[in-house]
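What follows is the content of structure37.txt (compact mmCIF, C-alpha atoms).
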# COMPACT_ATOMS: atom_id res chain seq x y z
CA MET A 1 57.99 24.38 36.04
CA SER A 2 55.34 23.49 33.47
CA PHE A 3 51.77 22.51 33.95
CA GLU A 4 49.80 20.11 31.78
CA PRO A 5 46.35 21.34 30.78
CA ALA A 6 43.66 19.63 32.70
CA GLY A 7 42.00 16.99 30.58
CA PRO A 8 39.03 14.75 31.13
CA THR A 9 39.60 12.07 33.70
CA ASP A 10 37.57 9.04 34.62
CA GLU A 11 35.94 11.13 37.34
CA THR A 12 35.02 14.02 35.04
CA MET A 13 33.96 12.01 31.97
CA PRO A 14 30.17 12.03 31.43
CA VAL A 15 28.59 8.72 32.23
CA ALA A 16 25.39 7.57 30.60
CA GLY A 17 22.70 7.48 33.21
CA PRO A 18 20.62 4.43 33.96
CA SER A 19 17.56 6.01 32.34
CA ARG A 20 19.43 6.57 29.07
CA ILE A 21 20.70 3.00 29.10
CA ARG A 22 17.20 1.71 29.74
CA ARG A 23 15.80 3.80 26.87
CA GLY A 24 18.48 2.47 24.54
CA GLY A 25 17.76 -1.08 25.63
CA ARG A 26 14.04 -0.62 25.06
CA MET A 27 14.69 0.82 21.59
CA LEU A 28 16.91 -2.10 20.61
CA GLY A 29 14.37 -4.52 22.03
CA ALA A 30 11.57 -2.86 20.06
CA ILE A 31 13.59 -3.00 16.81
CA ALA A 32 14.44 -6.67 17.41
CA SER A 33 10.79 -7.45 18.16
CA VAL A 34 9.65 -5.76 14.94
CA LEU A 35 12.24 -7.62 12.85
CA VAL A 36 11.34 -10.98 14.39
CA THR A 37 7.64 -10.33 13.84
CA ILE A 38 8.24 -9.39 10.21
CA ALA A 39 10.38 -12.50 9.66
CA PHE A 40 7.79 -14.90 11.13
CA THR A 41 4.90 -13.18 9.36
CA PHE A 42 6.71 -13.37 6.04
CA LEU A 43 7.52 -17.03 6.66
CA GLY A 44 3.84 -17.68 7.29
CA LEU A 45 2.99 -15.85 4.06
CA LEU A 46 5.46 -18.05 2.20
CA ALA A 47 3.91 -21.17 3.70
CA ILE A 48 0.40 -20.09 2.71
CA THR A 49 1.32 -19.26 -0.87
CA PHE A 50 3.33 -22.49 -1.21
CA PHE A 51 0.50 -24.74 -0.08
CA ILE A 52 -2.05 -22.81 -2.12
CA GLY A 53 0.08 -23.55 -5.17
CA ARG A 54 0.03 -27.25 -4.29
CA VAL A 55 -3.66 -27.54 -3.34
CA ILE A 56 -5.44 -25.77 -6.21
CA PRO A 57 -6.53 -28.09 -9.05
CA ILE A 58 -4.05 -26.72 -11.60
CA ASP A 59 -1.13 -28.80 -12.78
CA PRO A 60 1.91 -26.50 -13.12
CA VAL A 61 3.66 -29.07 -15.29
CA LEU A 62 0.85 -29.06 -17.86
CA ALA A 63 0.91 -25.28 -17.88
CA VAL A 64 4.53 -25.48 -19.04
CA VAL A 65 4.60 -28.49 -21.42
CA GLY A 66 1.02 -28.37 -22.69
CA ASP A 67 -1.70 -30.99 -22.97
CA ARG A 68 -0.10 -32.84 -25.88
CA ALA A 69 3.23 -33.59 -24.21
CA THR A 70 4.33 -37.20 -24.03
CA PRO A 71 4.60 -38.92 -20.63
CA GLU A 72 8.39 -38.84 -20.93
CA VAL A 73 8.42 -35.05 -21.51
CA TYR A 74 5.89 -34.55 -18.71
CA GLU A 75 7.97 -36.56 -16.25
CA ALA A 76 11.20 -34.83 -17.24
CA ALA A 77 9.60 -31.43 -16.68
CA ARG A 78 8.18 -32.59 -13.36
CA VAL A 79 11.64 -33.67 -12.17
CA GLN A 80 13.23 -30.46 -13.44
CA MET A 81 10.66 -28.39 -11.50
CA GLY A 82 11.39 -30.40 -8.34
CA LEU A 83 7.82 -31.63 -7.96
CA ASP A 84 8.98 -35.23 -7.49
CA GLN A 85 10.54 -34.36 -4.11
CA PRO A 86 8.77 -34.49 -0.71
CA LEU A 87 6.75 -31.40 0.26
CA PRO A 88 9.13 -30.25 3.05
CA VAL A 89 12.03 -30.33 0.60
CA GLN A 90 9.98 -28.45 -2.00
CA PHE A 91 9.05 -25.84 0.60
CA PHE A 92 12.68 -25.40 1.61
CA HIS A 93 13.75 -24.82 -1.99
CA TYR A 94 10.77 -22.50 -2.47
CA VAL A 95 11.82 -20.34 0.50
CA VAL A 96 15.44 -20.24 -0.65
CA ASN A 97 14.43 -19.25 -4.19
CA VAL A 98 12.06 -16.51 -3.00
CA LEU A 99 14.64 -15.04 -0.62
CA SER A 100 17.10 -14.91 -3.52
CA GLY A 101 14.52 -13.13 -5.70
CA ASP A 102 13.75 -16.14 -7.91
CA PHE A 103 9.99 -16.54 -8.44
CA GLY A 104 10.36 -18.72 -11.50
CA ARG A 105 9.40 -17.93 -15.09
CA SER A 106 6.01 -16.69 -16.19
CA VAL A 107 4.17 -18.86 -18.70
CA SER A 108 2.14 -15.84 -19.89
CA THR A 109 5.01 -13.48 -20.70
CA GLY A 110 7.96 -15.84 -21.03
CA ARG A 111 10.00 -13.59 -18.73
CA LEU A 112 11.18 -14.07 -15.17
CA VAL A 113 8.41 -13.25 -12.71
CA SER A 114 10.78 -10.98 -10.80
CA GLU A 115 11.30 -8.92 -13.98
CA ASP A 116 7.54 -8.70 -14.52
CA LEU A 117 6.91 -7.61 -10.95
CA ALA A 118 9.62 -4.94 -11.18
CA ARG A 119 7.88 -3.68 -14.30
CA PHE A 120 4.22 -3.84 -13.26
CA PHE A 121 4.23 -3.11 -9.52
CA PRO A 122 5.54 0.49 -9.79
CA ALA A 123 2.57 1.38 -12.02
CA THR A 124 0.14 0.20 -9.34
CA LEU A 125 2.17 1.85 -6.59
CA GLU A 126 2.15 5.17 -8.44
CA MET A 127 -1.60 5.14 -9.04
CA ALA A 128 -2.44 3.96 -5.51
CA THR A 129 -0.15 6.58 -3.95
CA ILE A 130 -1.88 9.43 -5.76
CA GLY A 131 -5.22 7.86 -4.87
CA ILE A 132 -4.44 7.69 -1.14
CA ILE A 133 -3.14 11.29 -1.21
CA ILE A 134 -6.46 12.40 -2.68
CA GLY A 135 -8.34 10.30 -0.13
CA VAL A 136 -6.43 11.71 2.84
CA LEU A 137 -6.39 15.35 1.75
CA LEU A 138 -10.15 15.34 1.15
CA GLY A 139 -11.44 12.57 3.39
CA VAL A 140 -9.91 13.72 6.69
CA PRO A 141 -11.21 17.34 6.53
CA MET A 142 -14.59 16.09 5.34
CA GLY A 143 -14.84 13.67 8.26
CA VAL A 144 -13.78 16.33 10.77
CA TYR A 145 -16.24 18.88 9.39
CA ALA A 146 -19.08 16.35 9.31
CA ALA A 147 -18.49 15.47 12.98
CA ALA A 148 -18.19 19.12 14.04
CA HIS A 149 -21.47 19.97 12.26
CA ARG A 150 -23.39 16.81 13.03
CA GLY A 151 -26.90 16.69 11.62
CA ARG A 152 -26.50 19.71 9.36
CA PRO A 153 -27.05 19.56 5.57
CA LEU A 154 -23.36 19.29 4.67
CA ASP A 155 -22.94 16.46 7.17
CA GLN A 156 -25.72 14.61 5.39
CA VAL A 157 -24.06 15.22 2.02
CA ILE A 158 -20.74 13.85 3.30
CA ARG A 159 -22.48 10.78 4.70
CA VAL A 160 -24.17 10.18 1.33
CA ILE A 161 -20.77 10.43 -0.39
CA GLY A 162 -19.46 7.84 2.07
CA MET A 163 -22.35 5.50 1.30
CA LEU A 164 -21.76 5.89 -2.45
CA GLY A 165 -18.13 4.97 -1.95
CA TYR A 166 -19.24 1.69 -0.38
CA SER A 167 -21.99 0.86 -2.87
CA VAL A 168 -20.97 2.10 -6.34
CA PRO A 169 -19.12 -0.56 -8.39
CA ALA A 170 -15.58 0.47 -9.26
CA PHE A 171 -15.79 -0.64 -12.90
CA TRP A 172 -19.02 1.35 -13.43
CA LEU A 173 -17.53 4.53 -11.98
CA GLY A 174 -14.41 4.06 -14.11
CA LEU A 175 -16.42 3.59 -17.30
CA VAL A 176 -18.57 6.65 -16.54
CA GLY A 177 -15.43 8.68 -15.88
CA LEU A 178 -13.91 7.62 -19.21
CA ALA A 179 -17.14 8.36 -21.08
CA LEU A 180 -17.48 11.84 -19.59
CA PHE A 181 -14.00 13.24 -18.99
CA TYR A 182 -12.15 11.48 -21.84
CA ALA A 183 -14.59 10.68 -24.64
CA ARG A 184 -17.05 13.54 -24.11
CA PHE A 185 -15.02 16.51 -22.87
CA GLY A 186 -11.41 15.43 -23.60
CA LEU A 187 -10.18 16.73 -20.24
CA VAL A 188 -7.97 13.72 -19.43
CA GLY A 189 -5.86 11.17 -21.24
CA GLY A 190 -7.27 7.83 -22.29
CA PRO A 191 -6.43 4.30 -21.13
CA GLY A 192 -2.83 3.36 -20.45
CA ARG A 193 -0.01 5.22 -18.71
CA LEU A 194 1.05 7.32 -21.73
CA ASP A 195 0.06 8.15 -25.27
CA ILE A 196 1.46 5.53 -27.60
CA PHE A 197 4.04 7.83 -29.24
CA TYR A 198 5.57 8.57 -25.80
CA ASP A 199 5.84 4.92 -24.83
CA GLY A 200 9.43 3.79 -24.31
CA LEU A 201 10.99 7.25 -24.59
CA VAL A 202 11.80 7.59 -20.88
CA PRO A 203 14.50 5.24 -19.53
CA PRO A 204 13.16 3.40 -16.46
CA VAL A 205 14.97 4.35 -13.26
CA THR A 206 12.39 3.95 -10.50
CA GLY A 207 9.59 2.50 -12.60
CA LEU A 208 7.39 5.47 -11.62
CA ILE A 209 6.71 7.29 -14.87
CA LEU A 210 6.14 10.66 -13.18
CA VAL A 211 9.47 10.46 -11.38
CA ASP A 212 11.41 9.01 -14.31
CA SER A 213 10.13 11.67 -16.73
CA LEU A 214 11.27 14.42 -14.36
CA ILE A 215 14.67 12.75 -13.95
CA ALA A 216 15.01 12.63 -17.74
CA GLY A 217 13.84 16.27 -18.03
CA GLU A 218 10.91 15.29 -20.26
CA THR A 219 8.24 17.69 -19.01
CA ASP A 220 5.88 16.98 -21.92
CA ILE A 221 5.89 13.28 -21.02
CA PHE A 222 5.39 14.20 -17.35
CA PHE A 223 2.23 16.20 -18.08
CA ASN A 224 1.00 13.53 -20.48
CA ALA A 225 1.44 10.94 -17.72
CA ILE A 226 -0.51 13.17 -15.31
CA SER A 227 -3.37 13.43 -17.81
CA HIS A 228 -3.52 9.62 -17.94
CA ILE A 229 -3.15 8.88 -14.24
CA ILE A 230 -5.43 11.56 -12.79
CA LEU A 231 -8.71 9.84 -13.65
CA PRO A 232 -7.97 6.27 -12.42
CA ALA A 233 -6.23 7.70 -9.34
CA SER A 234 -9.23 9.91 -8.64
CA VAL A 235 -11.57 6.93 -8.90
CA LEU A 236 -9.40 5.04 -6.41
CA GLY A 237 -9.18 8.19 -4.30
CA PHE A 238 -12.97 8.43 -4.18
CA PHE A 239 -13.31 4.99 -2.60
CA SER A 240 -10.46 5.77 -0.21
CA LEU A 241 -12.01 9.15 0.58
CA ALA A 242 -15.35 7.59 1.44
CA TYR A 243 -13.78 5.14 3.88
CA ILE A 244 -11.43 7.64 5.48
CA ALA A 245 -14.13 10.33 5.82
CA ARG A 246 -16.54 7.89 7.43
CA MET A 247 -14.01 6.59 9.93
CA THR A 248 -12.71 10.08 10.72
CA ARG A 249 -16.25 11.25 11.42
CA SER A 250 -16.82 8.30 13.75
CA PHE A 251 -13.57 8.91 15.65
CA MET A 252 -14.25 12.64 15.96
CA LEU A 253 -17.79 12.15 17.24
CA ASP A 254 -16.40 10.01 20.04
CA GLN A 255 -13.77 12.62 20.96
CA LEU A 256 -16.11 15.60 20.77
CA GLY A 257 -18.24 13.99 23.46
CA GLN A 258 -15.34 13.69 25.92
CA ASP A 259 -15.14 15.78 29.10
CA PHE A 260 -11.85 17.47 28.22
CA VAL A 261 -13.40 18.87 25.02
CA THR A 262 -16.38 20.21 26.97
CA THR A 263 -13.98 21.76 29.48
CA ALA A 264 -12.02 23.47 26.71
CA ARG A 265 -15.21 24.97 25.32
CA VAL A 266 -16.33 26.16 28.76
CA LYS A 267 -12.96 27.90 29.18
CA GLY A 268 -13.63 29.86 25.99
CA VAL A 269 -11.10 28.16 23.71
CA ALA A 270 -11.71 28.97 20.05
CA GLU A 271 -13.83 26.33 18.34
CA TRP A 272 -11.24 25.57 15.66
CA LEU A 273 -8.64 24.94 18.38
CA VAL A 274 -11.07 22.68 20.23
CA ILE A 275 -11.63 20.65 17.06
CA TRP A 276 -8.11 20.42 15.65
CA ARG A 277 -5.97 20.53 18.80
CA HIS A 278 -8.06 18.89 21.50
CA ALA A 279 -10.31 16.50 19.54
CA PHE A 280 -8.28 15.70 16.41
CA ARG A 281 -4.92 14.86 17.97
CA PRO A 282 -6.16 11.84 19.98
CA ILE A 283 -7.57 10.21 16.83
CA LEU A 284 -4.27 10.30 14.92
CA VAL A 285 -3.23 6.83 16.09
CA PRO A 286 -6.38 4.97 14.95
CA LEU A 287 -6.51 7.18 11.86
CA ILE A 288 -3.03 5.99 10.85
CA THR A 289 -4.33 2.42 10.92
CA VAL A 290 -7.28 3.39 8.73
CA ILE A 291 -5.07 5.18 6.21
CA GLY A 292 -2.55 2.32 6.14
CA LEU A 293 -5.22 -0.31 5.54
CA SER A 294 -6.84 1.88 2.90
CA PHE A 295 -3.52 2.28 1.08
CA ALA A 296 -2.85 -1.45 1.20
CA GLY A 297 -6.38 -2.07 -0.05
CA LEU A 298 -5.79 0.23 -3.02
CA LEU A 299 -2.64 -1.68 -3.94
CA GLU A 300 -4.48 -4.98 -3.73
CA GLY A 301 -7.95 -4.06 -4.92
CA SER A 302 -7.17 -2.03 -8.03
CA VAL A 303 -7.83 -4.97 -10.36
CA MET A 304 -11.07 -3.60 -11.81
CA ILE A 305 -9.69 -0.08 -12.21
CA GLU A 306 -6.58 -1.38 -13.98
CA THR A 307 -8.75 -3.51 -16.25
CA VAL A 308 -11.07 -0.62 -17.18
CA PHE A 309 -8.21 1.82 -17.79
CA SER A 310 -5.83 -0.74 -19.37
CA TRP A 311 -3.35 0.14 -16.67
CA PRO A 312 -0.24 -2.06 -16.79
CA GLY A 313 -0.18 -2.73 -13.05
CA ILE A 314 0.11 -5.74 -10.82
CA GLY A 315 -3.67 -6.20 -10.64
CA ASN A 316 -3.94 -6.54 -14.40
CA TYR A 317 -0.90 -8.82 -14.40
CA LEU A 318 -2.41 -11.02 -11.69
CA THR A 319 -5.73 -11.30 -13.54
CA THR A 320 -3.98 -12.38 -16.74
CA ALA A 321 -1.90 -14.92 -14.82
CA LEU A 322 -5.00 -16.42 -13.20
CA LEU A 323 -6.77 -16.76 -16.55
CA ASN A 324 -3.71 -18.51 -18.01
CA ALA A 325 -3.12 -20.76 -14.96
CA ASP A 326 0.30 -19.13 -14.59
CA MET A 327 0.98 -20.14 -10.99
CA ASN A 328 4.50 -18.71 -10.76
CA ALA A 329 3.15 -15.27 -11.63
CA VAL A 330 0.14 -15.67 -9.33
CA LEU A 331 2.24 -16.67 -6.33
CA GLY A 332 4.84 -13.99 -7.01
CA ALA A 333 2.23 -11.24 -7.22
CA THR A 334 0.51 -12.58 -4.10
CA LEU A 335 3.79 -12.48 -2.19
CA VAL A 336 4.39 -8.88 -3.24
CA VAL A 337 0.92 -7.76 -2.15
CA GLY A 338 1.22 -9.67 1.13
CA SER A 339 4.65 -8.17 1.80
CA VAL A 340 3.19 -4.69 1.26
CA PHE A 341 0.52 -5.41 3.87
CA ILE A 342 3.19 -6.53 6.34
CA LEU A 343 5.39 -3.49 5.75
CA ILE A 344 2.51 -1.03 6.00
CA ASN A 345 1.33 -2.57 9.27
CA LYS A 346 4.82 -2.34 10.75
CA LEU A 347 5.23 1.20 9.48
CA SER A 348 1.99 2.05 11.28
CA ASP A 349 3.48 0.63 14.49
CA VAL A 350 6.53 2.86 14.07
CA LEU A 351 4.35 5.92 13.50
CA TYR A 352 2.42 5.07 16.67
CA ARG A 353 5.61 5.50 18.65
CA VAL A 354 6.41 8.78 16.94
CA ILE A 355 2.98 10.32 17.46
CA ASP A 356 1.95 8.84 20.82
CA PRO A 357 4.67 9.13 23.51
CA ARG A 358 2.85 6.57 25.65
CA ALA A 359 3.74 3.87 23.11
CA ARG A 360 7.46 4.44 23.76
CA ARG A 361 7.28 3.41 27.42

How does this structure look as structure tokens?
Amino acid sequence: MSFEPAGPTDETMPVAGPSRIRRGGRMLGAIASVLVTIAFTFLGLLAITFFIGRVIPIDPVLAVVGDRATPEVYEAARVQMGLDQPLPVQFFHYVVNVLSGDFGRSVSTGRLVSEDLARFFPATLEMATIGIIIGVLLGVPMGVYAAAHRGRPLDQVIRVIGMLGYSVPAFWLGLVGLALFYARFGLVGGPGRLDIFYDGLVPPVTGLILVDSLIAGETDIFFNAISHIILPASVLGFFSLAYIARMTRSFMLDQLGQDFVTTARVKGVAEWLVIWRHAFRPILVPLITVIGLSFAGLLEGSVMIETVFSWPGIGNYLTTALLNADMNAVLGATLVVGSVFILINKLSDVLYRVIDPRARR
């Protein structure tokens, strides 16, 4: 007589509890809500850029054919560009083209706008990323220390630094930095991303010269790129630092006045634990918003820095396009910057749920 080994039956199989099912449903609902919000926000961004391109007093046909084109050439170009069709039809084609990655051709460079954006945006992203890292690593501790030592000399110094970050013109600070650290002392590289004899030696993989040089094993190009990027990134980081330090100080002052912080001090908890565990943790959620907006602002507002340092980024590209009435390039760059704002805001929402358990309910 043989016996079959007992296996799982319907009665013994684990069954997902109602709470687990509800959590899964809430997660799927949250993901769907985020995707729908992103889709509608991006559609609104497309609508705004489309109508801006139609409202501004610049004729895109003239930008292509020139002022001396005959009426026949002008009309043929207008039909080819689809500008003879009704606005709803133009908008539909515009949305379809953008979703397929077709932003048109740039009058300034003669290349596809998508190719230009893939070339110029990584330079801005690289500089802004290093700038926000500098701003966070220095600005957050400065803001915490200033709040914990309110009214003391170092607090006053940090507040003055914050005021300078709001008042000093970016182009002036960039020129002073070049005059001192490049022309006078030779501590950093000059304008541009690389010295001219290194240009074009690293095959583009990510578009980020620091990453691509490491992938190619070109350490000399890597350090040369660092010498060029450190000054403009530090200038951007200074403005980010000033904003982050000021907001961190404001958030911390509010938390340090709460009853639970006073209770922790009365119980004899070490002061550094009171500051970093009890007072700092509650400000992480609003601080994420501040850092996200600061990062997006660096990506958008680096036009003057890129101009001063001859940095081949999207800000410089957008300025050139505006001066040449190159609307395809202007709208393409605007869409990229707007999309970055949308993604950073949604990433902040995701981080809220990771850091604050109350947001998951």

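Proximity to A:Ser33 was assessed for A:Val350, A:Leu187, A:Ala329, A:Ala233 counting only C-alpha atoms; the smallest distance is recorded for A:Val350.
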
Using only C-alpha atoms, what table do you get, as a Markdown table, when you list each residue of stretch 12-131 of chain A with an atom no more than 8 Å from stretch 337-342 of chain A, its nearest pair of atoms, and their distance in Å rounded to one decimal, rows by chain then rising number?
| residue | atom | partner | partner_atom | distance |
| --- | --- | --- | --- | --- |
| A:Ile38 | CA | A:Ile342 | CA | 7.0 |
| A:Thr41 | CA | A:Ile342 | CA | 7.5 |
| A:Phe42 | CA | A:Ser339 | CA | 7.0 |
| A:Leu45 | CA | A:Gly338 | CA | 7.1 |

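For A:Pro191, the list of residues within 7 Å, based on all atoms listed in the file and with local chain neighbours fewer than 4 positions off taken out, reads A:His228, A:Phe309, A:Ser310, A:Trp311.
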
Could you check which of A:Met163, A:Leu256, A:Val269, A:Ala39 is closest to A:His149, using only C-alpha atoms?
A:Leu256

Near-stretch 270-285 of chain A list (10 Å; all atoms listed in the file; drop same-chain fewer than 2 positions) as a ChimeraX atom specification:
/A:144-145,147-148,248,250-258,260-265,267-268,287-290,348-349,351-356

Have a look at atom CA of A:Gly135 and atom CA of A:Thr319 and let me know their distance in Å, one decimal.
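Between these atoms lies a distance of 25.6 Å.
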
Taking only C-alpha atoms into account, name the residue in A:Val107, A:Leu117, A:Leu178, A:Leu214 that is nearest to A:Gly332.
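For A:Gly332, the nearest of the candidates is A:Leu117.
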
Protein, DNA and RNA residues within 8 Å of (-7.3, 3.0, -13.6), only C-alpha atoms, as a PyMOL selection string
chain A and resi 127+174+191+229+231-233+235-236+302+304-311

Emit as AutoDock Vina command-line options the padded axis-aligned box for all listed atoms of stretch 69-72 of chain A, 3 Å per side, with centre and edge lengths in Å to one decimal.
--center_x 5.8 --center_y -36.3 --center_z -22.4 --size_x 11.2 --size_y 11.3 --size_z 9.6

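Coordinates place atom CA of A:Leu298 at a distance of 22.9 Å from atom CA of A:Met327.
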
Could you please determine the separation between atom CA of A:Gly217 and atom CA of A:Phe197 in Å, to one decimal place?
17.1 Å

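Restricting the calculation to only C-alpha atoms, the smallest distance between A:Leu347 and any of A:Leu175, A:Ile48, A:Leu318, A:Ile291 is found for A:Ile291.
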
Which is closest to A:Leu46 among A:Ala333, A:Val98, A:Ile314, A:Ala76, if we use all atoms listed in the file?
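Using all atoms listed in the file, the shortest distance to A:Leu46 belongs to A:Val98.
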
Neighbours of A:Thr219 within 12 Å (all atoms listed in the file; same-chain residues fewer than 5 positions away dropped), as a tab-separated table (two decimals) with C-alpha atoms, in the coordinates of the input?
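Final output, around26.tsv:
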chain	number	residue	atom	x	y	z
A	198	TYR	CA	5.57	8.57	-25.80
A	202	VAL	CA	11.80	7.59	-20.88
A	209	ILE	CA	6.71	7.29	-14.87
A	210	LEU	CA	6.14	10.66	-13.18
A	211	VAL	CA	9.47	10.46	-11.38
A	212	ASP	CA	11.41	9.01	-14.31
A	213	SER	CA	10.13	11.67	-16.73
A	214	LEU	CA	11.27	14.42	-14.36
A	224	ASN	CA	1.00	13.53	-20.48
A	225	ALA	CA	1.44	10.94	-17.72
A	226	ILE	CA	-0.51	13.17	-15.31
